[in-house]
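**Q** One structure coming up, written as structure tokens, with questions to follow.
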Amino acid sequence: GITKWKFVLARAGIRAMPPLTANGSLPLLGCLNDVIGKRSNCSFWLVGGLGARGLLFHGLAGKLTAKAVISCDENLIPPEFTCWKEP
């Protein structure tokens with residue numbers, strides 16, 4: 001039966017991987033306002049790059065980001081998680 005199937009559509013995507021650091025691949029956290037520019041009165045924040053260790057990092061990443069968002073202070077997030085912003 002499968003030999004009679006007709007090909008209709010294919011899609012592809014990419015998986016964004018965080019940079020490999022001396023501490024391994026850590027999640028990407030931080031404020032995006034400087035990256036995307038000011039477009040509104042609200043702030044845009046990134047929580048990504050959790051990868052295969054997402055079950056381990058999701059709680060910590062959420063807690064750190066929530067504290068930073070409420071305080072409007074990205075410096076509450078350890079620099080290991082925001083090093084992706086460095087030139």
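So you can find residues: chains in the structure tokens are A, B, ... in the order shown, residues in each start at 1, and ligands are numbered from 1 in order.
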Please list as a list of chain:residue names every residue within 12 Å of Leu60 in chain A, counting only C-alpha atoms and excluding residues in the same chain fewer than 3 positions away.
**A**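 The contact residues come out as A:Leu26, A:Pro27, A:Leu28, A:Leu29, A:Val47, A:Leu50, A:Arg53, A:Gly54, A:Leu55, A:Leu56, A:Phe57, A:Lys63, A:Leu64, A:Thr65, A:Ala66, A:Lys67, A:Ile77, A:Pro78, A:Phe81.
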**Q** Apply DSSP to the structure's backbone, then extract all residues of chain A labelled strand (DSSP E) and return them as a PyMOL selection string.
**A** chain A and resi 20-21+24-25+28-31+45-48
**Q** I'd like to know which of A:Leu46, A:Val8, A:Ala52, A:Ile2 is closest to Glu74 in chain A, using only C-alpha atoms.
**A**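 Nearest candidate to Glu74 in chain A out of A:Leu46, A:Val8, A:Ala52, A:Ile2: A:Leu46.
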**Q** Please list as an MDAnalysis selection string every residue within 8 Å of Trp45 in chain A, counting only C-alpha atoms and excluding residues in the same chain fewer than 6 positions away.
**A** chainID A and resid 29:33 65 69
**Q** Take the residues from that selection and write them out as a PDB file, in the first residue's frame, keeping N, CA, C and O atoms.
**A**
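This is the output file part_30.pdb:
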ATOM      1  N   LEU A  29      19.467  32.741  28.943  1.00  0.00           N
ATOM      2  CA  LEU A  29      18.523  33.577  29.669  1.00  0.00           C
ATOM      3  C   LEU A  29      18.911  35.026  29.474  1.00  0.00           C
ATOM      4  O   LEU A  29      20.074  35.340  29.247  1.00  0.00           O
ATOM      5  N   GLY A  30      17.950  35.916  29.587  1.00  0.00           N
ATOM      6  CA  GLY A  30      18.265  37.332  29.574  1.00  0.00           C
ATOM      7  C   GLY A  30      17.208  38.183  28.921  1.00  0.00           C
ATOM      8  O   GLY A  30      16.245  37.695  28.339  1.00  0.00           O
ATOM      9  N   CYS A  31      17.418  39.478  29.033  1.00  0.00           N
ATOM     10  CA  CYS A  31      16.510  40.461  28.463  1.00  0.00           C
ATOM     11  C   CYS A  31      16.879  40.699  27.000  1.00  0.00           C
ATOM     12  O   CYS A  31      18.058  40.825  26.659  1.00  0.00           O
ATOM     13  N   LEU A  32      15.876  40.768  26.140  1.00  0.00           N
ATOM     14  CA  LEU A  32      16.110  40.941  24.706  1.00  0.00           C
ATOM     15  C   LEU A  32      15.937  42.377  24.226  1.00  0.00           C
ATOM     16  O   LEU A  32      16.106  42.647  23.044  1.00  0.00           O
ATOM     17  N   ASN A  33      15.587  43.296  25.111  1.00  0.00           N
ATOM     18  CA  ASN A  33      15.309  44.664  24.673  1.00  0.00           C
ATOM     19  C   ASN A  33      16.464  45.282  23.895  1.00  0.00           C
ATOM     20  O   ASN A  33      16.244  45.972  22.907  1.00  0.00           O
ATOM     21  N   THR A  65      14.722  33.873  35.932  1.00  0.00           N
ATOM     22  CA  THR A  65      14.128  34.830  34.996  1.00  0.00           C
ATOM     23  C   THR A  65      12.971  35.575  35.641  1.00  0.00           C
ATOM     24  O   THR A  65      12.834  36.792  35.472  1.00  0.00           O
ATOM     25  N   VAL A  69      12.724  39.565  35.942  1.00  0.00           N
ATOM     26  CA  VAL A  69      11.616  40.289  35.312  1.00  0.00           C
ATOM     27  C   VAL A  69      10.899  41.161  36.334  1.00  0.00           C
ATOM     28  O   VAL A  69      10.639  42.344  36.094  1.00  0.00           O
TER      29      VAL A  69
END
**Q** Quick one: DSSP helix (DSSP H, G or I) residues in chain A, as a PyMOL selection string?
**A** chain A and resi 2-4+33-36+51-71+74-76+79-85
**Q** I want to know what sits within 10 Å of Asp34 in chain A, based on only C-alpha atoms, with residues of the same chain fewer than 6 positions away left out; could you give that as a list in words?
**A**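 Selected residues are Ser43, Phe44 and Lys85 of chain A.
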**Q** Go ahead and dump the residues you just picked, N, CA, C and O atoms, as an mmCIF file, in the first residue's frame.
**A**
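Heads up, here's the output in result29.cif:
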data_model
loop_
_atom_site.group_PDB
_atom_site.id
_atom_site.type_symbol
_atom_site.label_atom_id
_atom_site.label_comp_id
_atom_site.auth_asym_id
_atom_site.auth_seq_id
_atom_site.Cartn_x
_atom_site.Cartn_y
_atom_site.Cartn_z
ATOM 1 N N SER A 43 8.936 44.628 28.468
ATOM 2 C CA SER A 43 10.248 44.038 28.210
ATOM 3 C C SER A 43 10.075 42.654 27.600
ATOM 4 O O SER A 43 9.092 41.966 27.857
ATOM 5 N N PHE A 44 11.040 42.253 26.801
ATOM 6 C CA PHE A 44 11.047 40.924 26.193
ATOM 7 C C PHE A 44 12.200 40.134 26.805
ATOM 8 O O PHE A 44 13.335 40.616 26.860
ATOM 9 N N LYS A 85 25.120 37.094 25.155
ATOM 10 C CA LYS A 85 24.960 38.488 24.747
ATOM 11 C C LYS A 85 26.298 39.195 24.517
ATOM 12 O O LYS A 85 26.337 40.269 23.950
#
**Q** Can you tell me, as number ranges by chain, what residues are no more than 12 Å from Gly24 in chain A when counting only C-alpha atoms, ignoring any on the same chain fewer than 4 positions away?
**A** A: 17-20, 49-51, 53, 80-81
**Q** Can you tell me how far CA of Cys83 in chain A sits from CA of Thr21 in chain A, in Å to one decimal?
**A**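 Distance reported for this atom pair: 9.3 Å.
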**Q** One number please: CA of Thr82 in chain A to CA of Ala68 in chain A, in Å, one decimal.
**A**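 Calculated distance between CA of Thr82 in chain A and CA of Ala68 in chain A is 12.0 Å.
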